[in-house]
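Asker: Handing over work_8.txt, compact mmCIF, C-alpha atoms.
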```txt
# COMPACT_ATOMS: atom_id res chain seq x y z
CA MET A 16 8.16 21.44 6.35
CA LEU A 17 6.49 24.00 4.10
CA ASP A 18 9.28 23.75 1.51
CA GLY A 19 8.88 19.97 1.47
CA LEU A 20 5.12 20.22 0.97
CA LEU A 21 5.64 22.76 -1.79
CA LEU A 22 8.07 20.41 -3.58
CA LEU A 23 5.66 17.46 -3.29
CA LEU A 24 2.75 19.49 -4.70
CA LEU A 25 4.99 20.84 -7.48
CA PHE A 26 6.16 17.38 -8.54
CA GLN A 27 2.62 15.98 -8.36
CA PHE A 28 1.54 18.82 -10.64
CA LEU A 29 4.45 18.16 -13.04
CA GLY A 30 3.47 14.47 -13.05
CA GLU A 31 -0.13 15.32 -13.93
CA VAL A 32 1.07 17.64 -16.71
CA LEU A 33 3.36 14.91 -18.11
CA VAL A 34 0.55 12.33 -18.13
CA HIS A 35 -1.87 14.83 -19.66
CA PHE A 36 0.40 15.66 -22.59
CA THR A 37 1.86 12.20 -23.26
CA GLY A 38 -1.27 10.13 -22.58
CA LEU A 39 0.85 7.59 -20.68
CA PRO A 40 -1.41 5.04 -18.95
CA ILE A 41 0.05 5.69 -15.48
CA PRO A 42 -1.38 7.68 -12.55
CA GLY A 43 -0.24 11.33 -12.39
CA PRO A 44 1.13 11.12 -8.82
CA VAL A 45 3.20 8.06 -9.81
CA ALA A 46 4.67 10.05 -12.72
CA GLY A 47 5.40 12.80 -10.16
CA MET A 48 7.16 10.25 -7.96
CA VAL A 49 9.38 9.17 -10.89
CA LEU A 50 10.18 12.80 -11.73
CA LEU A 51 11.10 13.53 -8.12
CA LEU A 52 13.28 10.40 -7.98
CA ILE A 53 15.14 11.46 -11.13
CA ALA A 54 15.53 14.99 -9.78
CA LEU A 55 16.87 13.64 -6.47
CA ILE A 56 19.43 11.48 -8.28
CA PHE A 57 20.70 14.38 -10.39
CA ARG A 58 20.35 17.35 -8.05
CA ALA A 59 20.26 15.57 -4.75
CA SER A 60 21.34 18.03 -2.09
CA SER A 61 19.07 20.97 -2.90
CA LEU A 62 16.00 18.71 -2.85
CA HIS A 63 16.69 17.14 0.55
CA ARG A 64 14.27 19.69 1.98
CA VAL A 65 11.51 17.35 0.84
CA ALA A 66 12.36 14.98 3.72
CA PRO A 67 10.32 16.37 6.68
CA ALA A 68 7.05 16.55 4.72
CA ALA A 69 7.72 13.22 2.98
CA ASN A 70 8.41 11.42 6.25
CA LEU A 71 5.34 12.90 7.94
CA LEU A 72 3.02 11.76 5.14
CA ILE A 73 4.59 8.31 4.78
CA SER A 74 4.54 7.53 8.49
CA ASN A 75 0.81 8.37 8.62
CA LEU A 76 -0.36 6.67 5.42
CA VAL A 77 -2.99 4.72 7.36
CA LEU A 78 -4.68 7.98 8.43
CA LEU A 79 -4.84 9.21 4.83
CA PHE A 80 -6.56 6.14 3.37
CA PHE A 81 -8.59 5.24 6.46
CA PRO A 82 -11.80 7.11 5.41
CA ILE A 83 -11.80 5.23 2.10
CA GLY A 84 -10.94 1.88 3.71
CA VAL A 85 -13.75 2.14 6.26
CA GLY A 86 -16.14 1.78 3.31
CA ILE A 87 -15.38 -1.94 3.11
CA VAL A 88 -17.29 -2.33 6.40
CA LEU A 89 -19.89 0.46 6.03
CA GLU A 90 -20.87 -0.71 2.54
CA TRP A 91 -20.37 -4.44 3.10
CA ASP A 92 -23.87 -5.12 1.66
CA ARG A 93 -22.49 -4.25 -1.76
CA TYR A 94 -19.61 -6.72 -1.52
CA SER A 95 -21.00 -9.55 0.65
CA GLU A 96 -21.99 -11.50 -2.48
CA TYR A 97 -18.28 -11.90 -3.26
CA GLY A 98 -17.24 -12.47 0.36
CA LEU A 99 -15.75 -15.91 -0.30
CA ALA A 100 -13.77 -14.77 -3.35
CA LEU A 101 -12.42 -11.79 -1.36
CA LEU A 102 -11.50 -13.90 1.66
CA VAL A 103 -9.72 -16.58 -0.39
CA SER A 104 -7.93 -14.07 -2.61
CA ILE A 105 -6.81 -11.80 0.22
CA VAL A 106 -5.94 -14.35 2.91
CA PHE A 107 -4.88 -17.48 1.00
CA GLY A 108 -3.56 -15.49 -1.96
CA THR A 109 -1.25 -13.55 0.34
CA ILE A 110 0.01 -16.69 2.11
CA ALA A 111 0.58 -18.49 -1.22
CA ALA A 112 2.37 -15.48 -2.74
CA MET A 113 4.58 -15.21 0.30
CA PHE A 114 5.63 -18.88 0.15
CA ILE A 115 6.36 -18.83 -3.58
CA ILE A 116 8.18 -15.48 -3.59
CA ALA A 117 10.29 -16.33 -0.51
CA ALA A 118 11.28 -19.70 -2.06
CA LEU A 119 12.15 -18.06 -5.39
CA LEU A 120 14.22 -15.35 -3.72
CA LYS A 121 16.08 -17.94 -1.68
CA LEU A 122 17.15 -19.60 -4.94
CA LEU A 123 17.88 -16.30 -6.69
CA LEU A 124 20.05 -14.90 -3.90
CA ARG A 125 21.73 -18.16 -2.96
CA ARG A 126 25.25 -16.77 -3.09
CA PRO A 127 25.51 -14.44 -0.10
CA SER A 128 26.93 -11.09 -1.05
CA ALA A 129 29.58 -9.49 1.10
CA MET B 27 -25.88 21.65 17.99
CA THR B 28 -26.70 18.62 15.84
CA ALA B 29 -25.60 20.63 12.79
CA LEU B 30 -22.08 20.52 14.18
CA VAL B 31 -21.69 16.76 13.59
CA HIS B 32 -22.38 17.31 9.92
CA THR B 33 -19.27 19.46 9.38
CA PRO B 34 -15.77 18.51 8.14
CA LEU B 35 -14.50 19.66 11.55
CA PHE B 36 -16.35 16.82 13.24
CA GLY B 37 -15.36 14.18 10.67
CA LEU B 38 -11.68 15.15 10.90
CA LEU B 39 -11.73 15.32 14.70
CA LEU B 40 -13.31 11.87 14.90
CA THR B 41 -10.90 10.33 12.37
CA ILE B 42 -7.65 11.83 13.65
CA GLY B 43 -8.68 11.19 17.27
CA ALA B 44 -9.55 7.53 16.58
CA TYR B 45 -6.33 7.08 14.60
CA ARG B 46 -4.20 8.66 17.33
CA PHE B 47 -5.75 6.36 19.93
CA ALA B 48 -5.22 3.31 17.67
CA VAL B 49 -1.54 4.18 17.13
CA TRP B 50 -1.06 4.56 20.89
CA LEU B 51 -2.65 1.16 21.54
CA TYR B 52 -0.58 -0.47 18.78
CA GLN B 53 2.66 0.87 20.24
CA ARG B 54 1.67 -0.29 23.72
CA SER B 55 0.97 -3.83 22.41
CA HIS B 56 4.65 -4.54 21.65
CA ARG B 57 4.76 -7.00 24.53
CA PHE B 58 2.32 -9.29 22.72
CA PRO B 59 4.00 -9.94 19.34
CA LEU B 60 1.56 -12.70 18.33
CA ILE B 61 -1.59 -10.59 18.47
CA GLN B 62 0.00 -7.23 17.67
CA PRO B 63 -0.73 -7.42 13.90
CA LEU B 64 -4.44 -7.80 14.73
CA LEU B 65 -4.25 -4.52 16.68
CA HIS B 66 -3.12 -2.65 13.55
CA PRO B 67 -4.37 0.98 13.66
CA PHE B 68 -6.42 0.44 10.49
CA LEU B 69 -8.55 -2.19 12.26
CA VAL B 70 -8.67 -0.60 15.74
CA ALA B 71 -9.59 2.92 14.54
CA MET B 72 -12.58 1.43 12.72
CA ILE B 73 -14.34 0.59 15.99
CA PRO B 74 -14.85 4.14 17.36
CA VAL B 75 -15.40 5.64 13.89
CA ILE B 76 -18.04 3.14 12.78
CA THR B 77 -19.78 3.30 16.17
CA MET B 78 -20.00 7.10 16.09
CA LEU B 79 -21.11 7.28 12.45
CA THR B 80 -23.86 4.73 13.09
CA LEU B 81 -25.07 6.39 16.32
CA LEU B 82 -25.16 9.86 14.74
CA GLY B 83 -26.67 8.70 11.47
CA ILE B 84 -23.85 9.95 9.26
CA SER B 85 -23.74 8.11 5.93
CA TYR B 86 -20.54 6.79 4.37
CA ARG B 87 -20.92 9.29 1.53
CA GLU B 88 -21.19 12.20 3.96
CA TYR B 89 -18.20 10.92 5.97
CA MET B 90 -16.14 10.77 2.75
CA ASP B 91 -17.10 14.42 2.08
CA GLN B 92 -16.10 15.45 5.62
CA THR B 93 -12.66 13.85 5.32
CA ARG B 94 -11.79 15.02 1.80
CA LEU B 95 -8.81 16.92 3.20
CA LEU B 96 -7.08 13.69 4.33
CA GLN B 97 -7.75 11.93 1.03
CA PHE B 98 -6.24 14.85 -0.86
CA PHE B 99 -2.88 14.15 0.75
CA LEU B 100 -2.72 10.65 -0.79
CA GLY B 101 -1.42 12.32 -3.97
CA PRO B 102 1.52 14.15 -2.33
CA ALA B 103 2.14 10.98 -0.23
CA THR B 104 2.60 8.98 -3.46
CA VAL B 105 5.12 11.54 -4.73
CA ALA B 106 6.81 11.40 -1.30
CA LEU B 107 7.62 7.69 -1.78
CA ALA B 108 10.47 8.84 -4.06
CA TRP B 109 12.36 9.97 -0.94
CA PRO B 110 12.83 6.59 0.86
CA LEU B 111 13.35 4.94 -2.54
CA TYR B 112 16.16 7.38 -3.33
CA ARG B 113 17.75 6.79 0.07
CA GLN B 114 17.72 2.98 -0.37
CA LEU B 115 18.92 3.06 -4.00
CA THR B 116 22.25 4.45 -2.94
CA HIS B 117 22.63 1.74 -0.27
CA VAL B 118 22.01 -1.45 -2.21
CA ARG B 119 23.43 -0.70 -5.63
CA ALA B 120 25.59 -3.86 -5.47
CA VAL B 121 22.67 -6.29 -5.86
CA GLY B 122 20.49 -4.01 -8.01
CA GLY B 123 20.03 -6.51 -10.86
CA GLN B 124 18.79 -9.30 -8.62
CA VAL B 125 16.49 -6.93 -6.74
CA LEU B 126 14.95 -5.79 -10.02
CA VAL B 127 14.31 -9.40 -11.14
CA ALA B 128 12.82 -10.17 -7.71
CA VAL B 129 10.47 -7.17 -7.89
CA VAL B 130 9.26 -7.87 -11.45
CA VAL B 131 8.72 -11.62 -10.90
CA GLY B 132 7.42 -11.24 -7.33
CA GLY B 133 5.12 -8.30 -8.09
CA SER B 134 3.61 -10.11 -11.08
CA LEU B 135 3.11 -13.29 -9.06
CA ALA B 136 1.43 -11.54 -6.13
CA ALA B 137 -1.04 -9.80 -8.47
CA SER B 138 -1.69 -12.91 -10.59
CA ILE B 139 -2.38 -15.15 -7.59
CA ALA B 140 -4.84 -12.61 -6.12
CA VAL B 141 -6.71 -12.10 -9.39
CA GLY B 142 -6.56 -15.80 -10.32
CA LEU B 143 -8.11 -17.02 -7.07
CA ALA B 144 -10.93 -14.44 -7.12
CA TRP B 145 -11.63 -15.17 -10.79
CA TRP B 146 -11.82 -18.90 -10.05
CA LEU B 147 -14.50 -18.06 -7.42
CA ASP B 148 -16.54 -16.07 -9.98
CA ALA B 149 -15.75 -12.51 -8.84
CA PRO B 150 -16.80 -9.89 -11.43
CA ALA B 151 -14.38 -7.60 -13.30
CA ASP B 152 -14.59 -4.63 -10.89
CA VAL B 153 -13.73 -6.86 -7.92
CA LEU B 154 -10.80 -8.38 -9.85
CA GLY B 155 -9.61 -4.87 -10.71
CA SER B 156 -9.72 -3.95 -7.00
CA LEU B 157 -7.68 -7.00 -5.95
CA ALA B 158 -4.94 -6.75 -8.59
CA PRO B 159 -2.95 -4.00 -6.78
CA LYS B 160 -3.47 -5.48 -3.30
CA SER B 161 0.23 -6.07 -2.62
CA ILE B 162 1.32 -2.49 -3.33
CA THR B 163 1.27 0.49 -1.01
CA THR B 164 -2.20 2.05 -0.62
CA PRO B 165 -1.67 5.53 -2.15
CA ILE B 166 -0.39 3.92 -5.37
CA ALA B 167 -3.00 1.14 -5.26
CA LEU B 168 -5.79 3.75 -5.01
CA GLU B 169 -4.43 5.48 -8.12
CA VAL B 170 -4.10 2.18 -9.99
CA VAL B 171 -7.71 1.10 -9.30
CA LYS B 172 -8.92 4.21 -11.11
CA LEU B 173 -7.31 2.76 -14.25
CA THR B 174 -8.37 -0.89 -13.72
CA GLY B 175 -12.02 -0.05 -13.07
CA GLY B 176 -11.76 -1.22 -9.46
CA ILE B 177 -13.65 -0.07 -6.35
CA ALA B 178 -11.61 2.21 -4.06
CA PRO B 179 -12.90 1.04 -0.62
CA LEU B 180 -12.43 -2.59 -1.64
CA ALA B 181 -8.87 -1.94 -2.80
CA ALA B 182 -7.97 0.02 0.37
CA GLY B 183 -9.36 -2.76 2.58
CA ALA B 184 -7.69 -5.52 0.53
CA VAL B 185 -4.31 -3.77 0.71
CA ALA B 186 -4.50 -3.29 4.48
CA ILE B 187 -5.61 -6.87 5.21
CA THR B 188 -2.93 -8.23 2.84
CA GLY B 189 -0.30 -6.37 4.86
CA ILE B 190 -1.67 -7.68 8.16
CA VAL B 191 -1.90 -11.31 6.93
CA GLY B 192 1.58 -11.02 5.42
CA VAL B 193 3.10 -9.81 8.67
CA MET B 194 1.40 -12.57 10.69
CA MET B 195 2.51 -15.31 8.29
CA ALA B 196 6.06 -14.12 7.57
CA PRO B 197 7.77 -15.75 10.59
CA VAL B 198 6.00 -19.06 9.83
CA VAL B 199 6.95 -18.97 6.14
CA PHE B 200 10.58 -18.09 6.91
CA ARG B 201 10.83 -20.89 9.48
CA LEU B 202 9.31 -23.53 7.19
CA LEU B 203 11.56 -22.54 4.28
CA LYS B 204 14.58 -22.16 6.60
CA ILE B 205 15.20 -18.59 5.46
CA THR B 206 17.75 -16.73 7.54
CA ASP B 207 19.03 -14.32 4.86
CA ASP B 208 17.84 -10.82 5.78
CA ARG B 209 17.87 -9.77 2.12
CA VAL B 210 15.29 -12.48 1.30
CA ARG B 211 13.20 -11.64 4.37
CA GLY B 212 13.17 -7.94 3.54
CA LEU B 213 12.42 -8.33 -0.16
CA THR B 214 9.62 -10.84 0.46
CA LEU B 215 7.94 -8.58 3.04
CA GLY B 216 8.29 -5.49 0.84
CA ILE B 217 6.96 -7.19 -2.31
CA VAL B 218 3.99 -8.97 -0.70
CA ALA B 219 3.10 -6.80 2.30
CA HIS B 220 4.12 -3.23 1.28
CA ALA B 221 4.53 -0.64 4.09
CA ILE B 222 3.03 -2.84 6.83
CA GLY B 223 5.53 -5.58 5.90
CA THR B 224 8.36 -3.09 5.81
CA SER B 225 7.87 -1.96 9.39
CA ARG B 226 7.95 -5.66 10.39
CA ALA B 227 11.15 -6.16 8.34
CA PHE B 228 12.88 -3.48 10.40
CA GLU B 229 12.21 -5.68 13.46
CA PHE B 230 14.26 -8.50 11.86
CA SER B 231 17.18 -6.13 11.22
CA GLU B 232 18.14 -2.77 9.75
CA ARG B 233 19.35 -4.62 6.64
CA ALA B 234 16.04 -6.49 6.17
CA GLY B 235 14.25 -3.14 6.55
CA ALA B 236 16.39 -1.45 3.91
CA PHE B 237 15.71 -4.23 1.40
CA SER B 238 12.02 -4.15 2.27
CA SER B 239 11.62 -0.40 1.69
CA LEU B 240 13.45 -0.77 -1.60
CA ALA B 241 11.12 -3.61 -2.65
CA LEU B 242 8.04 -1.64 -1.49
CA GLY B 243 8.95 1.37 -3.65
CA LEU B 244 10.00 -0.59 -6.72
CA THR B 245 7.04 -3.00 -6.62
CA GLY B 246 4.64 -0.05 -6.37
CA LEU B 247 6.35 1.67 -9.26
CA PHE B 248 6.52 -1.47 -11.43
CA THR B 249 2.87 -2.38 -10.78
CA ALA B 250 1.67 1.20 -11.43
CA MET B 251 3.47 1.18 -14.79
CA ALA B 252 2.61 -2.36 -15.93
CA LEU B 253 -0.88 -3.05 -14.60
CA PRO B 254 -2.86 -0.23 -16.27
CA MET B 255 -1.17 -1.12 -19.55
CA ILE B 256 -1.99 -4.86 -19.56
CA TRP B 257 -5.28 -4.65 -17.61
CA PRO B 258 -7.69 -4.13 -20.56
CA TRP B 259 -6.29 -7.29 -22.12
CA VAL B 260 -6.42 -9.30 -18.86
CA ALA B 261 -9.98 -8.15 -18.11
CA GLU B 262 -11.18 -9.16 -21.56
CA LEU B 263 -9.52 -12.55 -21.26
CA LEU B 264 -11.01 -13.27 -17.82
CA THR B 265 -14.55 -12.06 -18.42
CA LYS B 266 -15.10 -13.87 -21.70
```
Please express the file's structure as structure tokens.

Answerer:
Amino acid sequence: MLDGLLLLLLFQFLGEVLVHFTGLPIPGPVAGMVLLLIALIFRASSLHRVAPAANLLISNLVLLFFPIGVGIVLEWDRYSEYGLALLVSIVFGTIAAMFIIAALLKLLLRRPSA
Amino acid sequence: MTALVHTPLFGLLLTIGAYRFAVWLYQRSHRFPLIQPLLHPFLVAMIPVITMLTLLGISYREYMDQTRLLQFFLGPATVALAWPLYRQLTHVRAVGGQVLVAVVVGGSLAASIAVGLAWWLDAPADVLGSLAPKSITTPIALEVVKLTGGIAPLAAGAVAITGIVGVMMAPVVFRLLKITDDRVRGLTLGIVAHAIGTSRAFEFSERAGAFSSLALGLTGLFTAMALPMIWPWVAELLTK
């Protein structure tokens, strides 16, 4: 577990360093994710120790962003003016996107692969 | 004694306790598949937390300070997404090209529809910037909003509700469009409804789940790369 956490922190740091020096317009942790993915592809077995920490964090994502998400209710006064736009975009936008994307994928993957 | 409720210890105890209870309730609600998405831990945990904060007079700002430790782990959690992505990449190499097209087209569509609808209803630039990453997994979305000038709580809420709506609507959409292919089911859920959709995809089949986790990782990656780059241009166009 500790090794996994160490690897995650190391790659996040490497990602931040990469973004700092290249000025790429992507978030540092995302750059870290790409670096870790590349490292896994090339040096897979020695990095498998990342798994326990990675799985723990991913299976509890809701806990990690919950304190930020609760702000949508606690600070609703600040957003209520745009309530209709938010409702339409989030609810109807999601339903519309789902219909269109599912229909497109059905066409795209028409030939069933083995 | 009252000083104790103003410590990180109290904020973390309240949050992790409420979350643990909400997860327990969610797992117990398996017998009621129709209402289960509404019992998502994100929604249920809000009830005890908001009640306690209000009763004890703890402001949102103070609560954010108390729970800084949890928020810190969003960074390592983003990096951690490389692990399931790596595992799925080796499994579905055969249809890689089609999956990539699906992710690029689908990810762009999901973001455009969300931003387009809100823009049409006169939402200002910061609200649009918060809605653009609503179909991608929260740790990445919260990083992306920093670059699109969005509002973090709005983005976190939008992402969670998108996942819940997506999971509730998926069976209806698949039935209406007569979709029985587990690859299509998985990819659609992963592209539109991120991690919440992916756990639903695993209930269709292992295969749907694999495609969904692949789509979740790739859509997050694609959106995090593309959106900050094109956003200044989009924002200027829409706010003219």

Asker: What does the structure give for the distance between CA of Ile87 in chain A and CA of Pro102 in chain B, in Å to one decimal?

Answerer: 24.0 Å

Asker: Chain B near chain A within 7 Å: what's each residue's closest atom pair and its distance in Å to one decimal, counting all atoms listed in the file, ordered by chain then ascending residue number, as JSON lines?

Answerer:
```
{"residue": "B:Tyr45", "atom": "CA", "partner": "A:Leu78", "partner_atom": "CA", "distance": 6.4}
{"residue": "B:Phe68", "atom": "CA", "partner": "A:Val77", "partner_atom": "CA", "distance": 6.3}
{"residue": "B:Met72", "atom": "CA", "partner": "A:Val85", "partner_atom": "CA", "distance": 6.6}
{"residue": "B:Tyr86", "atom": "CA", "partner": "A:Leu89", "partner_atom": "CA", "distance": 6.6}
{"residue": "B:Met90", "atom": "CA", "partner": "A:Pro82", "partner_atom": "CA", "distance": 6.3}
{"residue": "B:Thr93", "atom": "CA", "partner": "A:Pro82", "partner_atom": "CA", "distance": 6.8}
{"residue": "B:Leu96", "atom": "CA", "partner": "A:Leu79", "partner_atom": "CA", "distance": 5.0}
{"residue": "B:Gln97", "atom": "CA", "partner": "A:Leu79", "partner_atom": "CA", "distance": 5.5}
{"residue": "B:Phe99", "atom": "CA", "partner": "A:Leu79", "partner_atom": "CA", "distance": 6.7}
{"residue": "B:Leu100", "atom": "CA", "partner": "A:Leu79", "partner_atom": "CA", "distance": 6.2}
{"residue": "B:Gly101", "atom": "CA", "partner": "A:Pro44", "partner_atom": "CA", "distance": 5.6}
{"residue": "B:Pro102", "atom": "CA", "partner": "A:Leu23", "partner_atom": "CA", "distance": 5.4}
{"residue": "B:Ala103", "atom": "CA", "partner": "A:Leu72", "partner_atom": "CA", "distance": 5.5}
{"residue": "B:Thr104", "atom": "CA", "partner": "A:Pro44", "partner_atom": "CA", "distance": 6.0}
{"residue": "B:Val105", "atom": "CA", "partner": "A:Met48", "partner_atom": "CA", "distance": 4.0}
{"residue": "B:Ala106", "atom": "CA", "partner": "A:Ala69", "partner_atom": "CA", "distance": 4.7}
{"residue": "B:Leu107", "atom": "CA", "partner": "A:Met48", "partner_atom": "CA", "distance": 6.7}
{"residue": "B:Ala108", "atom": "CA", "partner": "A:Leu52", "partner_atom": "CA", "distance": 5.1}
{"residue": "B:Trp109", "atom": "CA", "partner": "A:Ala66", "partner_atom": "CA", "distance": 6.8}
{"residue": "B:Tyr112", "atom": "CA", "partner": "A:Leu52", "partner_atom": "CA", "distance": 6.2}
{"residue": "B:Ala128", "atom": "CA", "partner": "A:Leu120", "partner_atom": "CA", "distance": 6.7}
{"residue": "B:Gly132", "atom": "CA", "partner": "A:Ile116", "partner_atom": "CA", "distance": 5.7}
{"residue": "B:Leu135", "atom": "CA", "partner": "A:Ala112", "partner_atom": "CA", "distance": 6.7}
{"residue": "B:Ala136", "atom": "CA", "partner": "A:Ala112", "partner_atom": "CA", "distance": 5.3}
{"residue": "B:Ile139", "atom": "CA", "partner": "A:Gly108", "partner_atom": "CA", "distance": 5.8}
{"residue": "B:Ala140", "atom": "CA", "partner": "A:Ser104", "partner_atom": "CA", "distance": 4.9}
{"residue": "B:Leu143", "atom": "CA", "partner": "A:Ser104", "partner_atom": "CA", "distance": 5.4}
{"residue": "B:Ala144", "atom": "CA", "partner": "A:Ala100", "partner_atom": "CA", "distance": 4.7}
{"residue": "B:Leu147", "atom": "CA", "partner": "A:Ala100", "partner_atom": "CA", "distance": 5.3}
{"residue": "B:Ala149", "atom": "CA", "partner": "A:Tyr97", "partner_atom": "CA", "distance": 6.2}
{"residue": "B:Glu169", "atom": "CA", "partner": "A:Pro42", "partner_atom": "CA", "distance": 5.8}
{"residue": "B:Val170", "atom": "CA", "partner": "A:Pro42", "partner_atom": "CA", "distance": 6.6}
{"residue": "B:Ala178", "atom": "CA", "partner": "A:Ile83", "partner_atom": "CA", "distance": 6.9}
{"residue": "B:Pro179", "atom": "CA", "partner": "A:Gly84", "partner_atom": "CA", "distance": 4.8}
{"residue": "B:Leu180", "atom": "CA", "partner": "A:Ile87", "partner_atom": "CA", "distance": 5.6}
{"residue": "B:Ala182", "atom": "CA", "partner": "A:Gly84", "partner_atom": "CA", "distance": 4.8}
{"residue": "B:Gly183", "atom": "CA", "partner": "A:Gly84", "partner_atom": "CA", "distance": 5.0}
{"residue": "B:Ala184", "atom": "CA", "partner": "A:Ile105", "partner_atom": "CA", "distance": 6.3}
{"residue": "B:Thr188", "atom": "CA", "partner": "A:Ile105", "partner_atom": "CA", "distance": 5.9}
{"residue": "B:Val191", "atom": "CA", "partner": "A:Val106", "partner_atom": "CA", "distance": 6.5}
{"residue": "B:Gly192", "atom": "CA", "partner": "A:Thr109", "partner_atom": "CA", "distance": 6.3}
{"residue": "B:Met195", "atom": "CA", "partner": "A:Ile110", "partner_atom": "CA", "distance": 6.8}
{"residue": "B:Val199", "atom": "CA", "partner": "A:Phe114", "partner_atom": "CA", "distance": 6.1}
{"residue": "B:Leu203", "atom": "CA", "partner": "A:Ala118", "partner_atom": "CA", "distance": 7.0}
{"residue": "B:Val210", "atom": "CA", "partner": "A:Leu120", "partner_atom": "CA", "distance": 5.9}
{"residue": "B:Thr214", "atom": "CA", "partner": "A:Ala117", "partner_atom": "CA", "distance": 5.6}
{"residue": "B:Val218", "atom": "CA", "partner": "A:Met113", "partner_atom": "CA", "distance": 6.3}
{"residue": "B:Ala250", "atom": "CA", "partner": "A:Ile41", "partner_atom": "CA", "distance": 6.3}
{"residue": "B:Met251", "atom": "CA", "partner": "A:Ile41", "partner_atom": "CA", "distance": 5.7}
{"residue": "B:Pro254", "atom": "CA", "partner": "A:Pro40", "partner_atom": "CA", "distance": 6.1}
{"residue": "B:Met255", "atom": "CA", "partner": "A:Pro40", "partner_atom": "CA", "distance": 6.2}
```

Asker: For a test of reading the model, state the distance in Å between CA of Pro34 in chain B and CA of Ala181 in chain B, rounded to one decimal.

Answerer: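 Here the two named atoms are 24.2 Å from each other.
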
Asker: Would you pick out the contacts of Leu40 in chain B at 12 Å or less, using all atoms listed in the file, so that residues sharing its chain but fewer than 2 positions from it are not included, and give the list as a short mmCIF file (atom, residue, chain, number, x, y, z; two decimals) with C-alpha atoms, in the coordinates of the input?

Answerer:
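Ended up saving to part-v3.cif:
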```cif
data_model
loop_
_atom_site.label_atom_id
_atom_site.label_comp_id
_atom_site.auth_asym_id
_atom_site.auth_seq_id
_atom_site.Cartn_x
_atom_site.Cartn_y
_atom_site.Cartn_z
CA LEU A 78 -4.68 7.98 8.43
CA PHE A 81 -8.59 5.24 6.46
CA PRO A 82 -11.80 7.11 5.41
CA VAL B 31 -21.69 16.76 13.59
CA HIS B 32 -22.38 17.31 9.92
CA THR B 33 -19.27 19.46 9.38
CA PRO B 34 -15.77 18.51 8.14
CA LEU B 35 -14.50 19.66 11.55
CA PHE B 36 -16.35 16.82 13.24
CA GLY B 37 -15.36 14.18 10.67
CA LEU B 38 -11.68 15.15 10.90
CA ILE B 42 -7.65 11.83 13.65
CA GLY B 43 -8.68 11.19 17.27
CA ALA B 44 -9.55 7.53 16.58
CA TYR B 45 -6.33 7.08 14.60
CA ARG B 46 -4.20 8.66 17.33
CA PHE B 47 -5.75 6.36 19.93
CA ALA B 71 -9.59 2.92 14.54
CA MET B 72 -12.58 1.43 12.72
CA ILE B 73 -14.34 0.59 15.99
CA PRO B 74 -14.85 4.14 17.36
CA VAL B 75 -15.40 5.64 13.89
CA ILE B 76 -18.04 3.14 12.78
CA THR B 77 -19.78 3.30 16.17
CA MET B 78 -20.00 7.10 16.09
CA LEU B 79 -21.11 7.28 12.45
CA TYR B 89 -18.20 10.92 5.97
CA GLN B 92 -16.10 15.45 5.62
CA THR B 93 -12.66 13.85 5.32
#
```

Asker: Smallest atom-to-atom distance to Arg211 in chain B: which of B:Leu157, B:Ala234, B:Val125, B:Leu247, using only C-alpha atoms?

Answerer: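 Nearest to Arg211 in chain B: B:Ala234.
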